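Visitor: Dropping in work03.cif, with mmCIF, C-alpha atoms.
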data_structure
loop_
_atom_site.label_atom_id
_atom_site.label_comp_id
_atom_site.auth_asym_id
_atom_site.auth_seq_id
_atom_site.Cartn_x
_atom_site.Cartn_y
_atom_site.Cartn_z
CA MET A 296 3.07 -12.42 15.15
CA ILE A 297 5.67 -13.98 12.85
CA ALA A 298 3.03 -16.55 11.84
CA LEU A 299 0.60 -13.74 11.06
CA ILE A 300 3.20 -11.92 8.93
CA ALA A 301 3.98 -15.18 7.08
CA ARG A 302 0.29 -15.83 6.40
CA GLU A 303 -0.29 -12.25 5.22
CA LEU A 304 2.76 -12.46 2.96
CA LYS A 305 1.41 -15.66 1.44
CA LEU A 306 -1.91 -13.91 0.81
CA SER A 307 -0.14 -10.92 -0.74
CA LEU A 308 1.84 -13.25 -2.95
CA ARG A 309 -1.42 -14.76 -4.24
CA HIS A 310 -2.60 -11.21 -4.94
CA GLY A 311 0.72 -10.28 -6.54
CA ALA A 312 -1.05 -8.07 -9.06
CA ASP A 313 -1.67 -5.51 -6.28
CA THR A 314 2.06 -5.01 -5.76
CA VAL A 315 2.74 -4.87 -9.49
CA ALA A 316 -0.04 -2.30 -9.90
CA ALA A 317 1.49 -0.05 -7.24
CA LEU A 318 4.92 -0.34 -8.88
CA LEU A 319 3.54 0.45 -12.34
CA PHE A 320 1.65 3.42 -10.93
CA PHE A 321 4.91 4.64 -9.36
CA VAL A 322 6.82 4.41 -12.64
CA ILE A 323 4.04 5.86 -14.80
CA ALA A 324 3.32 8.77 -12.44
CA GLY A 325 7.04 9.58 -12.33
CA THR A 326 7.28 9.40 -16.10
CA LEU A 327 4.39 11.84 -16.49
CA PHE A 328 6.50 14.53 -14.81
CA ALA A 329 9.23 14.04 -17.39
CA PHE A 330 6.67 14.56 -20.15
CA ALA A 331 5.05 17.52 -18.39
CA VAL A 332 8.14 19.62 -17.65
CA GLY A 333 10.12 18.61 -20.72
CA PRO A 334 13.45 16.81 -21.14
CA SER A 335 15.72 19.61 -19.86
CA PRO A 336 18.28 17.78 -17.63
CA THR A 337 18.76 20.70 -15.23
CA VAL A 338 15.02 21.17 -14.59
CA LEU A 339 14.45 17.44 -14.18
CA ALA A 340 17.44 17.02 -11.88
CA GLY A 341 16.10 19.80 -9.68
CA ILE A 342 12.72 18.19 -9.14
CA ALA A 343 13.71 14.51 -9.35
CA ALA A 344 13.96 13.85 -5.61
CA GLY A 345 10.61 15.52 -4.87
CA VAL A 346 8.89 13.71 -7.74
CA VAL A 347 10.17 10.31 -6.65
CA TRP A 348 9.13 10.96 -3.06
CA VAL A 349 5.61 12.13 -3.95
CA CYS A 350 5.10 9.28 -6.42
CA ALA A 351 6.30 6.72 -3.86
CA LEU A 352 3.91 8.22 -1.33
CA LEU A 353 0.94 8.01 -3.68
CA ALA A 354 1.84 4.52 -4.91
CA ALA A 355 2.09 3.24 -1.33
CA LEU A 356 -1.46 4.47 -0.72
CA LEU A 357 -2.92 2.17 -3.39
CA PRO A 358 -2.85 -1.15 -1.46
CA LEU A 359 -3.92 0.44 1.83
CA ASP A 360 -7.69 0.07 1.46
CA ARG A 361 -7.34 -3.73 1.25
CA LEU A 362 -4.93 -3.84 4.21
CA PHE A 363 -7.76 -4.25 6.73
CA GLY A 364 -10.70 -3.83 4.35
CA ALA A 365 -10.71 -7.44 3.13
CA ASP A 366 -10.38 -8.80 6.68
CA PHE A 367 -13.14 -6.50 7.87
CA GLU A 368 -15.56 -7.61 5.17
CA ASP A 369 -15.00 -11.37 5.41
CA GLY A 370 -14.94 -11.62 9.21
CA THR A 371 -11.22 -12.34 9.54
CA LEU A 372 -10.73 -9.21 11.65
CA ASP A 373 -12.80 -10.72 14.49
CA LEU A 374 -10.65 -13.85 14.36
CA LEU A 375 -7.46 -11.76 14.39
CA LEU A 376 -8.67 -9.82 17.44
CA LEU A 377 -9.51 -13.14 19.16
CA SER A 378 -6.24 -14.79 18.15
CA GLY A 379 -4.65 -13.83 21.45
CA LEU A 380 -2.36 -11.26 19.85
CA PRO A 381 -2.76 -7.71 21.20
CA ALA A 382 -4.40 -5.38 18.66
CA TYR A 383 -1.24 -3.26 18.31
CA GLU A 384 0.78 -6.32 17.32
CA ILE A 385 -1.78 -7.11 14.63
CA ALA A 386 -1.41 -3.53 13.36
CA LEU A 387 2.39 -3.75 13.51
CA ALA A 388 2.33 -7.02 11.57
CA LYS A 389 0.08 -5.45 8.94
CA ALA A 390 2.40 -2.44 8.65
CA ALA A 391 5.38 -4.78 8.23
CA VAL A 392 3.57 -6.69 5.49
CA HIS A 393 2.60 -3.44 3.77
CA TRP A 394 6.24 -2.35 3.80
CA LEU A 395 7.50 -5.72 2.55
CA THR A 396 4.97 -5.82 -0.30
CA SER A 397 4.89 -2.09 -1.22
CA GLY A 398 7.71 -0.11 0.41
CA LEU A 399 10.54 -2.53 -0.32
CA PRO A 400 9.59 -3.13 -4.00
CA LEU A 401 9.22 0.64 -4.46
CA LEU A 402 12.68 1.10 -3.00
CA LEU A 403 14.10 -1.47 -5.42
CA ILE A 404 12.57 0.19 -8.46
CA THR A 405 13.46 3.75 -7.42
CA ALA A 406 16.94 3.79 -8.96
CA PRO A 407 15.88 3.42 -12.62
CA LEU A 408 13.15 6.03 -12.22
CA ALA A 409 15.56 8.47 -10.54
CA VAL A 410 18.15 7.98 -13.28
CA MET A 411 15.47 8.58 -15.90
CA LEU A 412 14.60 11.84 -14.11
CA ARG A 413 18.30 12.84 -14.38
CA LEU A 414 18.99 12.73 -10.67
CA PRO A 415 22.80 13.18 -10.31
CA GLU A 416 24.43 9.82 -9.64
CA ALA A 417 26.05 11.11 -6.47
CA LYS A 418 22.59 11.85 -5.04
CA LEU A 419 21.11 8.42 -5.81
CA ALA A 420 22.46 6.82 -2.65
CA LEU A 421 21.06 9.70 -0.57
CA LEU A 422 17.63 9.30 -2.20
CA LEU A 423 17.55 5.58 -1.39
CA LEU A 424 18.85 6.33 2.12
CA SER A 425 15.97 8.77 2.68
CA LEU A 426 13.33 6.52 1.11
CA ALA A 427 14.27 3.53 3.27
CA PRO A 428 12.98 5.08 6.52
CA GLY A 429 10.51 7.14 4.45
CA THR A 430 8.64 4.12 3.11
CA MET A 431 8.57 2.60 6.61
CA ILE A 432 6.99 5.79 7.96
CA LEU A 433 4.48 5.63 5.11
CA SER A 434 3.57 2.05 5.97
CA LEU A 435 3.11 2.86 9.66
CA LEU A 436 1.03 6.00 9.13
CA GLY A 437 -0.88 4.34 6.30
CA THR A 438 -1.74 1.42 8.57
CA LEU A 439 -3.00 3.91 11.15
CA SER A 440 -5.28 5.68 8.69
CA ALA A 441 -6.43 2.39 7.16
CA ALA A 442 -7.51 1.27 10.62
CA VAL A 443 -9.12 4.61 11.49
CA SER A 444 -11.15 4.77 8.28
CA LEU A 445 -12.24 1.13 8.58
CA GLY A 446 -15.98 0.74 8.24
CA ALA A 447 -16.44 4.31 7.07
CA ARG A 448 -18.46 4.95 3.95
CA ARG A 449 -16.04 5.66 1.06
CA ALA A 450 -13.05 4.63 3.18
CA ALA A 451 -10.87 4.57 0.05
CA VAL A 452 -11.37 8.33 -0.35
CA LEU A 453 -11.09 9.11 3.35
CA MET A 454 -7.81 7.25 3.76
CA PRO A 455 -5.58 9.44 1.55
CA LEU A 456 -7.14 12.51 3.16
CA ILE A 457 -5.99 11.25 6.56
CA THR A 458 -2.63 9.84 5.47
CA LEU A 459 -1.28 12.59 3.22
CA PRO A 460 -1.25 15.45 5.78
CA LEU A 461 0.36 13.11 8.31
CA VAL A 462 3.30 12.34 6.03
CA ILE A 463 4.13 15.98 5.19
CA PRO A 464 6.94 16.19 7.81
CA ALA A 465 8.51 13.00 6.45
CA LEU A 466 8.22 14.38 2.93
CA ILE A 467 9.92 17.66 3.89
CA PHE A 468 12.85 16.00 5.63
CA GLY A 469 13.03 13.18 3.10
CA THR A 470 13.51 15.43 0.10
CA ALA A 471 15.83 17.67 2.14
CA VAL A 472 18.18 14.70 2.59
CA VAL A 473 18.73 14.75 -1.18
CA THR A 474 18.59 18.49 -1.92
CA SER A 475 20.31 19.93 1.16
CA ASP A 476 24.08 20.41 1.42
CA HIS A 477 23.94 18.87 4.88
CA PRO A 478 22.05 15.59 4.47
CA ALA A 479 22.82 14.26 7.96
CA ALA A 480 20.46 16.58 9.85
CA PRO A 481 17.25 15.83 7.88
CA LEU A 482 18.19 12.14 7.88
CA TYR A 483 18.31 12.18 11.67
CA MET A 484 14.93 13.94 11.72
CA LEU A 485 13.55 11.23 9.44
CA GLY A 486 14.91 8.62 11.82
CA ALA A 487 13.29 10.45 14.74
CA ILE A 488 9.92 10.46 12.96
CA LEU A 489 10.28 6.73 12.30
CA LEU A 490 11.14 6.06 15.94
CA ALA A 491 8.08 8.02 17.06
CA ALA A 492 5.76 6.36 14.55
CA LEU A 493 7.01 2.84 15.30
CA PRO A 494 5.24 2.54 18.67
CA LEU A 495 2.54 5.22 18.27
CA ALA A 496 1.01 4.30 14.91
CA PRO A 497 0.40 0.61 15.79
CA LEU A 498 -1.04 1.63 19.19
CA GLY A 499 -3.48 4.02 17.53
CA ALA A 500 -4.28 1.56 14.77
CA GLY A 501 -4.89 -1.20 17.32
CA ALA A 502 -7.36 0.97 19.22
CA ALA A 503 -9.09 1.82 15.93
CA LEU A 504 -9.33 -1.89 15.04
CA ARG A 505 -10.99 -2.63 18.36
CA ALA A 506 -13.43 0.22 17.82
CA ALA A 507 -14.21 -0.99 14.28
CA ALA A 508 -14.95 -4.50 15.55
CA GLU A 509 -17.46 -3.37 18.19
CA MET B 268 -29.22 -3.04 24.01
CA LEU B 269 -29.47 -5.97 26.42
CA LYS B 270 -30.54 -5.80 30.04
CA GLY B 271 -30.95 -8.27 32.85
CA VAL B 272 -29.18 -11.14 31.13
CA ALA B 273 -27.64 -13.67 33.49
CA PHE B 274 -26.44 -17.21 32.94
CA ALA B 275 -23.80 -19.64 34.06
CA LEU B 276 -22.29 -22.43 32.04
CA GLY B 277 -20.36 -25.36 33.43
CA SER B 278 -17.81 -27.64 31.87
CA GLY B 279 -19.43 -29.67 29.10
CA GLY B 280 -22.43 -27.35 29.00
CA MET B 281 -24.20 -25.87 26.03
CA LEU B 282 -26.27 -22.72 25.94
CA LEU B 283 -28.55 -21.93 23.05
CA LEU B 284 -29.50 -18.29 22.50
CA ARG B 285 -32.94 -17.85 21.06
CA GLY B 286 -34.74 -14.70 20.03
CA GLU B 287 -36.15 -12.90 17.07
CA ASN B 288 -33.97 -10.91 14.62
CA GLY B 289 -32.34 -7.99 16.40
CA ALA B 290 -32.99 -9.41 19.85
CA GLY B 291 -29.28 -9.11 20.64
CA LYS B 292 -28.04 -12.67 20.21
CA SER B 293 -24.99 -11.63 18.18
CA THR B 294 -24.34 -8.66 20.46
CA LEU B 295 -24.33 -10.95 23.49
CA LEU B 296 -21.92 -13.33 21.76
CA ARG B 297 -19.61 -10.44 20.84
CA ALA B 298 -19.76 -9.18 24.42
CA ILE B 299 -18.84 -12.62 25.77
CA ALA B 300 -15.92 -12.70 23.33
CA GLY B 301 -14.78 -9.28 24.57
CA LEU B 302 -15.23 -7.70 21.13
CA THR B 303 -18.02 -5.41 22.31
CA PRO B 304 -17.45 -3.80 25.71
CA LEU B 305 -19.99 -4.34 28.49
CA ALA B 306 -21.82 -1.16 29.55
CA ALA B 307 -22.57 -2.72 32.92
CA GLY B 308 -22.31 -6.05 34.65
CA ALA B 309 -19.57 -8.60 34.78
CA LEU B 310 -18.30 -11.53 32.79
CA LEU B 311 -16.69 -14.14 34.97
CA TRP B 312 -14.46 -17.10 34.16
CA ASP B 313 -13.82 -19.42 37.13
CA ASN B 314 -15.22 -16.63 39.37
CA SER B 315 -12.66 -14.04 38.28
CA PRO B 316 -13.22 -11.20 35.77
CA ALA B 317 -12.74 -12.72 32.33
CA LEU B 318 -11.85 -9.53 30.49
CA ALA B 319 -9.10 -8.42 32.88
CA ASP B 320 -6.56 -10.12 30.65
CA ARG B 321 -7.82 -9.76 27.08
CA ALA B 322 -5.18 -11.98 25.51
CA ALA B 323 -5.84 -14.78 27.99
CA HIS B 324 -9.59 -14.48 27.41
CA ALA B 325 -9.16 -14.51 23.65
CA ALA B 326 -7.10 -17.69 23.94
CA ARG B 327 -10.12 -19.44 25.53
CA ILE B 328 -12.45 -18.65 22.67
CA ALA B 329 -13.11 -20.22 19.30
CA TRP B 330 -15.22 -17.76 17.31
CA LEU B 331 -17.63 -18.50 14.49
CA GLY B 332 -19.25 -15.24 13.41
CA HIS B 333 -21.98 -14.85 10.85
CA LEU B 334 -19.16 -14.38 8.33
CA ASP B 335 -16.95 -17.35 7.52
CA ALA B 336 -13.53 -15.60 7.36
CA VAL B 337 -12.58 -17.83 4.44
CA LYS B 338 -9.86 -16.37 2.19
CA PRO B 339 -10.65 -17.04 -1.48
CA ALA B 340 -6.95 -16.99 -2.44
CA LEU B 341 -5.93 -19.72 0.03
CA THR B 342 -6.60 -23.41 -0.48
CA VAL B 343 -8.93 -25.29 1.86
CA ALA B 344 -5.99 -27.02 3.57
CA GLU B 345 -4.27 -23.67 4.19
CA HIS B 346 -7.15 -22.63 6.43
CA VAL B 347 -7.11 -25.56 8.85
CA PRO B 348 -4.94 -28.62 9.59
CA LEU B 349 -5.67 -31.52 7.22
CA ALA B 350 -6.98 -33.70 10.03
CA ALA B 351 -9.73 -31.15 10.73
CA LEU B 352 -11.27 -31.53 7.27
CA LYS B 353 -12.55 -35.10 7.64
CA PRO B 354 -15.10 -34.39 10.41
CA VAL B 355 -16.81 -31.79 8.17
CA GLY B 356 -16.52 -33.88 5.01
CA LEU B 357 -14.17 -31.53 3.14
CA GLU B 358 -11.14 -33.84 2.88
CA ARG B 359 -11.67 -34.29 -0.87
CA PHE B 360 -11.32 -30.54 -1.42
CA ALA B 361 -8.08 -30.03 0.53
CA ALA B 362 -6.10 -28.72 -2.44
CA LEU B 363 -8.94 -26.64 -3.87
CA PRO B 364 -8.71 -22.83 -3.63
CA ALA B 365 -11.42 -21.72 -1.23
CA ARG B 366 -13.02 -19.42 -3.80
CA PHE B 367 -14.53 -22.51 -5.48
CA LEU B 368 -16.40 -23.57 -2.32
CA SER B 369 -20.15 -23.14 -2.04
CA ALA B 370 -21.63 -21.09 0.82
CA GLY B 371 -22.39 -24.24 2.79
CA GLN B 372 -18.90 -25.63 2.23
CA LYS B 373 -17.36 -22.36 3.43
CA ARG B 374 -19.49 -22.63 6.56
CA ARG B 375 -18.23 -26.18 7.08
CA LEU B 376 -14.65 -24.96 6.68
CA ALA B 377 -15.27 -22.27 9.31
CA ILE B 378 -16.74 -24.93 11.62
CA ALA B 379 -13.67 -27.11 11.03
CA ARG B 380 -11.48 -24.21 12.14
CA VAL B 381 -13.45 -23.88 15.38
CA ALA B 382 -13.28 -27.63 16.00
CA ALA B 383 -9.52 -27.68 15.37
CA SER B 384 -8.82 -24.68 17.61
CA GLY B 385 -8.62 -26.75 20.79
CA ARG B 386 -10.10 -23.86 22.76
CA PRO B 387 -12.51 -24.55 25.61
CA LEU B 388 -15.33 -22.10 24.78
CA TRP B 389 -16.99 -22.10 21.37
CA LEU B 390 -19.03 -19.01 20.49
CA LEU B 391 -21.14 -19.78 17.45
CA ASP B 392 -23.36 -17.24 15.67
CA GLU B 393 -25.95 -19.09 13.57
CA PRO B 394 -23.54 -22.00 12.99
CA THR B 395 -25.90 -24.06 10.80
CA THR B 396 -26.69 -21.34 8.23
CA GLY B 397 -26.49 -22.85 4.76
CA LEU B 398 -25.73 -26.37 5.96
CA ASP B 399 -27.50 -29.43 4.52
CA ALA B 400 -29.01 -32.06 6.82
CA ALA B 401 -25.95 -34.33 6.71
CA SER B 402 -23.66 -31.42 7.58
CA VAL B 403 -25.90 -30.41 10.49
CA ASP B 404 -25.57 -33.97 11.82
CA ARG B 405 -21.79 -33.81 11.45
CA PHE B 406 -21.80 -30.42 13.22
CA ALA B 407 -23.88 -31.88 16.06
CA ALA B 408 -21.39 -34.73 16.40
CA LEU B 409 -18.51 -32.23 16.64
CA CYS B 410 -20.40 -30.31 19.33
CA MET B 411 -21.02 -33.48 21.35
CA ALA B 412 -17.36 -34.51 21.07
CA HIS B 413 -16.28 -31.06 22.25
CA ARG B 414 -18.66 -31.19 25.22
CA ALA B 415 -17.65 -34.72 26.09
CA ALA B 416 -14.08 -33.47 26.35
CA GLY B 417 -15.23 -30.81 28.84
CA GLY B 418 -15.67 -27.92 26.40
CA MET B 419 -18.45 -25.38 26.46
CA ILE B 420 -20.60 -24.01 23.65
CA ILE B 421 -22.73 -20.89 23.41
CA ALA B 422 -24.62 -20.74 20.14
CA SER B 423 -27.35 -18.60 18.64
CA THR B 424 -29.64 -20.25 16.16
CA HIS B 425 -33.02 -20.08 14.48
CA THR B 426 -33.01 -23.57 13.08
CA PRO B 427 -33.94 -26.43 15.38
CA LEU B 428 -30.84 -27.99 16.86
CA ASP B 429 -31.43 -31.05 18.99
CA LEU B 430 -28.64 -31.89 21.39
CA PRO B 431 -29.02 -33.46 24.83
CA ASP B 432 -28.69 -31.39 28.02
CA MET B 433 -28.99 -28.05 26.33
CA GLU B 434 -29.94 -24.92 28.18
CA VAL B 435 -31.91 -22.29 26.32
CA LEU B 436 -31.69 -18.55 26.96
CA ALA B 437 -34.53 -16.58 25.39
CA LEU B 438 -33.65 -12.96 24.64
#
With the file now loaded, output its structure as structure tokens.

Guide:
Amino acid sequence: MIALIARELKLSLRHGADTVAALLFFVIAGTLFAFAVGPSPTVLAGIAAGVVWVCALLAALLPLDRLFGADFEDGTLDLLLLSGLPAYEIALAKAAVHWLTSGLPLLLITAPLAVMLRLPEAKLALLLLSLAPGTMILSLLGTLSAAVSLGARRAAVLMPLITLPLVIPALIFGTAVVTSDHPAAPLYMLGAILLAALPLAPLGAGAALRAAAE
Amino acid sequence: MLKGVAFALGSGGMLLLRGENGAGKSTLLRAIAGLTPLAAGALLWDNSPALADRAAHAARIAWLGHLDAVKPALTVAEHVPLAALKPVGLERFAALPARFLSAGQKRRLAIARVAASGRPLWLLDEPTTGLDAASVDRFAALCMAHRAAGGMIIASTHTPLDLPDMEVLAL
């Protein structure tokens, strides 16, 4: 599984433009809000956490259709399923690679965007603390929907429609970590969602991969 | 899709699947690999159910589908060990990104991966598609070497492939 992650990371590195595109989308989408609601610091500060969360969510969707799509089209998926690794480990490896190439870079670039949106400095650490498990949940659920929509006509359209409703709970608790006066409780909930998604999403994705390969 | 298919293959054996388009050659190969579930019947390995342990069954199989599974962004040598390139005549292209390979060269790279896998059962779906005569000869030599070492091959093909002691299953 480590070998698979290393190989996928090497491939992602060769397609580095995909990661850069997601990051640019994240920054540009966030910036649009600043233009749309005006430069008032109080208004911006109020919506900053929600804007960053929604933009991160949408940006993380961008690379999902190639997550299994490329392997499905060029026959690599059959080889992966016959590699001796269980299907859920393949899905878990893909989710890890998605997080390392989308979630982690998004996390690193969040601070400047949040500051630009006038998020109070004291809240910045909370935002990053909520996005760390948040992006992992996104990667896991995104992997699940990427696997489920594999082989479907217009999979790229279907995938956000499956993923976005699934991440609503994470979005609610994630933004609550920043906006609530008691950040610990929603943070625990976020952790609970991550712990539930960690085994369940790869299991579901693995079953979907097997079904897609039939 | 397929009914009443029965065969047995011993160590060093080769089975050629013949049949018109859509006869179920690829489906049978996928079923043997465990990719497509069997609706009925049994697949045995050493007289015990082969698919009981999927991971163990997968580890027996080297798969060559009708797609080559060649990644355009990786170099030729990043797909297979260097030593595997010589038998398919690709050693000169080791450092070349795979996107510059022709269709036939990609097929040869996929064959090299099968040959380097060290797995006992090769499942080959139209292995010689796009290969020139010299490459077909090299492929035949790889098959014979694999069988001489006790390996087994099940292949579907339209093109004539002449290897000694071959069984043919018409679908």

Visitor: Within 10 Å of (-11.9, -2.8, 18.2) in the file's own coordinates, which protein, DNA or RNA residues have an atom, counting all atoms listed in the file? List them as a PyMOL selection string.

Guide: (chain A and resi 372-373+376+382+442+500-509) or (chain B and resi 301-304)

Visitor: Check which residues of chain B sit at most 10 Å from chain A using only C-alpha atoms, and return one row each with the closest pair of atoms and their distance in Å to one decimal, ordered by chain and rising number, as CSV.

Guide:
residue,atom,partner,partner_atom,distance
B:Thr294,CA,A:Glu509,CA,9.0
B:Arg297,CA,A:Glu509,CA,7.9
B:Ala298,CA,A:Glu509,CA,8.8
B:Ala300,CA,A:Leu377,CA,7.7
B:Gly301,CA,A:Leu377,CA,8.5
B:Leu302,CA,A:Glu509,CA,5.7
B:Thr303,CA,A:Glu509,CA,4.6
B:Pro304,CA,A:Glu509,CA,7.5
B:Arg321,CA,A:Gly379,CA,7.6
B:Ala322,CA,A:Gly379,CA,4.5
B:Ala323,CA,A:Gly379,CA,6.7
B:His324,CA,A:Gly379,CA,7.8
B:Ala325,CA,A:Leu377,CA,4.7
B:Ala326,CA,A:Gly379,CA,5.2
B:Arg327,CA,A:Gly379,CA,8.8
B:Ile328,CA,A:Leu377,CA,7.2
B:Ala329,CA,A:Leu377,CA,7.9
B:Trp330,CA,A:Leu374,CA,6.7
B:Leu331,CA,A:Leu374,CA,8.4
B:Gly332,CA,A:Gly370,CA,7.0
B:His333,CA,A:Gly370,CA,7.9
B:Leu334,CA,A:Gly370,CA,5.1
B:Asp335,CA,A:Gly370,CA,6.3
B:Ala336,CA,A:Thr371,CA,4.6
B:Val337,CA,A:Asp369,CA,7.0
B:Lys338,CA,A:Asp369,CA,7.9
B:Pro339,CA,A:Leu306,CA,9.6
B:Ala340,CA,A:Arg309,CA,6.2
B:Leu341,CA,A:Leu306,CA,7.1
B:Glu345,CA,A:Arg302,CA,9.3

Visitor: Would you list the contacts of Glu358 (chain B) as an MDAnalysis selection string, taking every protein, DNA or RNA residue within 10 Å and counting only C-alpha atoms, but skipping same-chain residues closer than 5 positions in sequence?

Guide: chainID B and resid 343:344 349:353

Visitor: Measuring atom to atom with all atoms listed in the file, identify which of B:Asp313, B:Asp399, B:Asp404, B:Glu393 is nearest to Thr424 (chain B).

Guide: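 Checking each of B:Asp313, B:Asp399, B:Asp404, B:Glu393 against Thr424 (chain B), counting all atoms listed in the file, the winner is B:Glu393.
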
Visitor: On this structure, the PyMOL selection byres ((chain A and resi 468-478) around 6) would catch which residues? List them as an mmCIF file with C-alpha atoms, in the coordinates of the input, sorted by chain and number.

Guide:
data_model
loop_
_atom_site.group_PDB
_atom_site.id
_atom_site.type_symbol
_atom_site.label_atom_id
_atom_site.label_comp_id
_atom_site.auth_asym_id
_atom_site.auth_seq_id
_atom_site.Cartn_x
_atom_site.Cartn_y
_atom_site.Cartn_z
ATOM 1 C CA ALA A 344 13.960 13.850 -5.610
ATOM 2 C CA GLY A 345 10.610 15.520 -4.870
ATOM 3 C CA LEU A 421 21.060 9.700 -0.570
ATOM 4 C CA LEU A 422 17.630 9.300 -2.200
ATOM 5 C CA SER A 425 15.970 8.770 2.680
ATOM 6 C CA ALA A 465 8.510 13.000 6.450
ATOM 7 C CA LEU A 466 8.220 14.380 2.930
ATOM 8 C CA ILE A 467 9.920 17.660 3.890
ATOM 9 C CA ALA A 479 22.820 14.260 7.960
ATOM 10 C CA ALA A 480 20.460 16.580 9.850
ATOM 11 C CA PRO A 481 17.250 15.830 7.880
ATOM 12 C CA LEU A 482 18.190 12.140 7.880
#

Visitor: What's the 10 Å shell around Ala412 (chain B), counting only C-alpha atoms, without same-chain residues fewer than 5 positions away, as a list of chain:residue names?

Guide: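 Near Ala412 (chain B), the qualifying residues are B:Gly279, B:Ala382, B:Phe406, B:Ala407, B:Gly417, B:Gly418.
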
Visitor: Could you state the separation of CA of Val462 (chain A) and CA of Ala354 (chain A) in Å, given to one decimal place?

Guide: 13.5 Å

Visitor: Go through the shown structure with the PyMOL selection byres ((chain B and resi 363) around 6) and write out the matching residues as an mmCIF file with C-alpha atoms, keeping the file's coordinate frame.

Guide:
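Final output, expr_23.cif:
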data_model
loop_
_atom_site.group_PDB
_atom_site.id
_atom_site.type_symbol
_atom_site.label_atom_id
_atom_site.label_comp_id
_atom_site.auth_asym_id
_atom_site.auth_seq_id
_atom_site.Cartn_x
_atom_site.Cartn_y
_atom_site.Cartn_z
ATOM 1 C CA THR B 342 -6.600 -23.410 -0.480
ATOM 2 C CA VAL B 343 -8.930 -25.290 1.860
ATOM 3 C CA PHE B 360 -11.320 -30.540 -1.420
ATOM 4 C CA ALA B 361 -8.080 -30.030 0.530
ATOM 5 C CA ALA B 362 -6.100 -28.720 -2.440
ATOM 6 C CA PRO B 364 -8.710 -22.830 -3.630
#
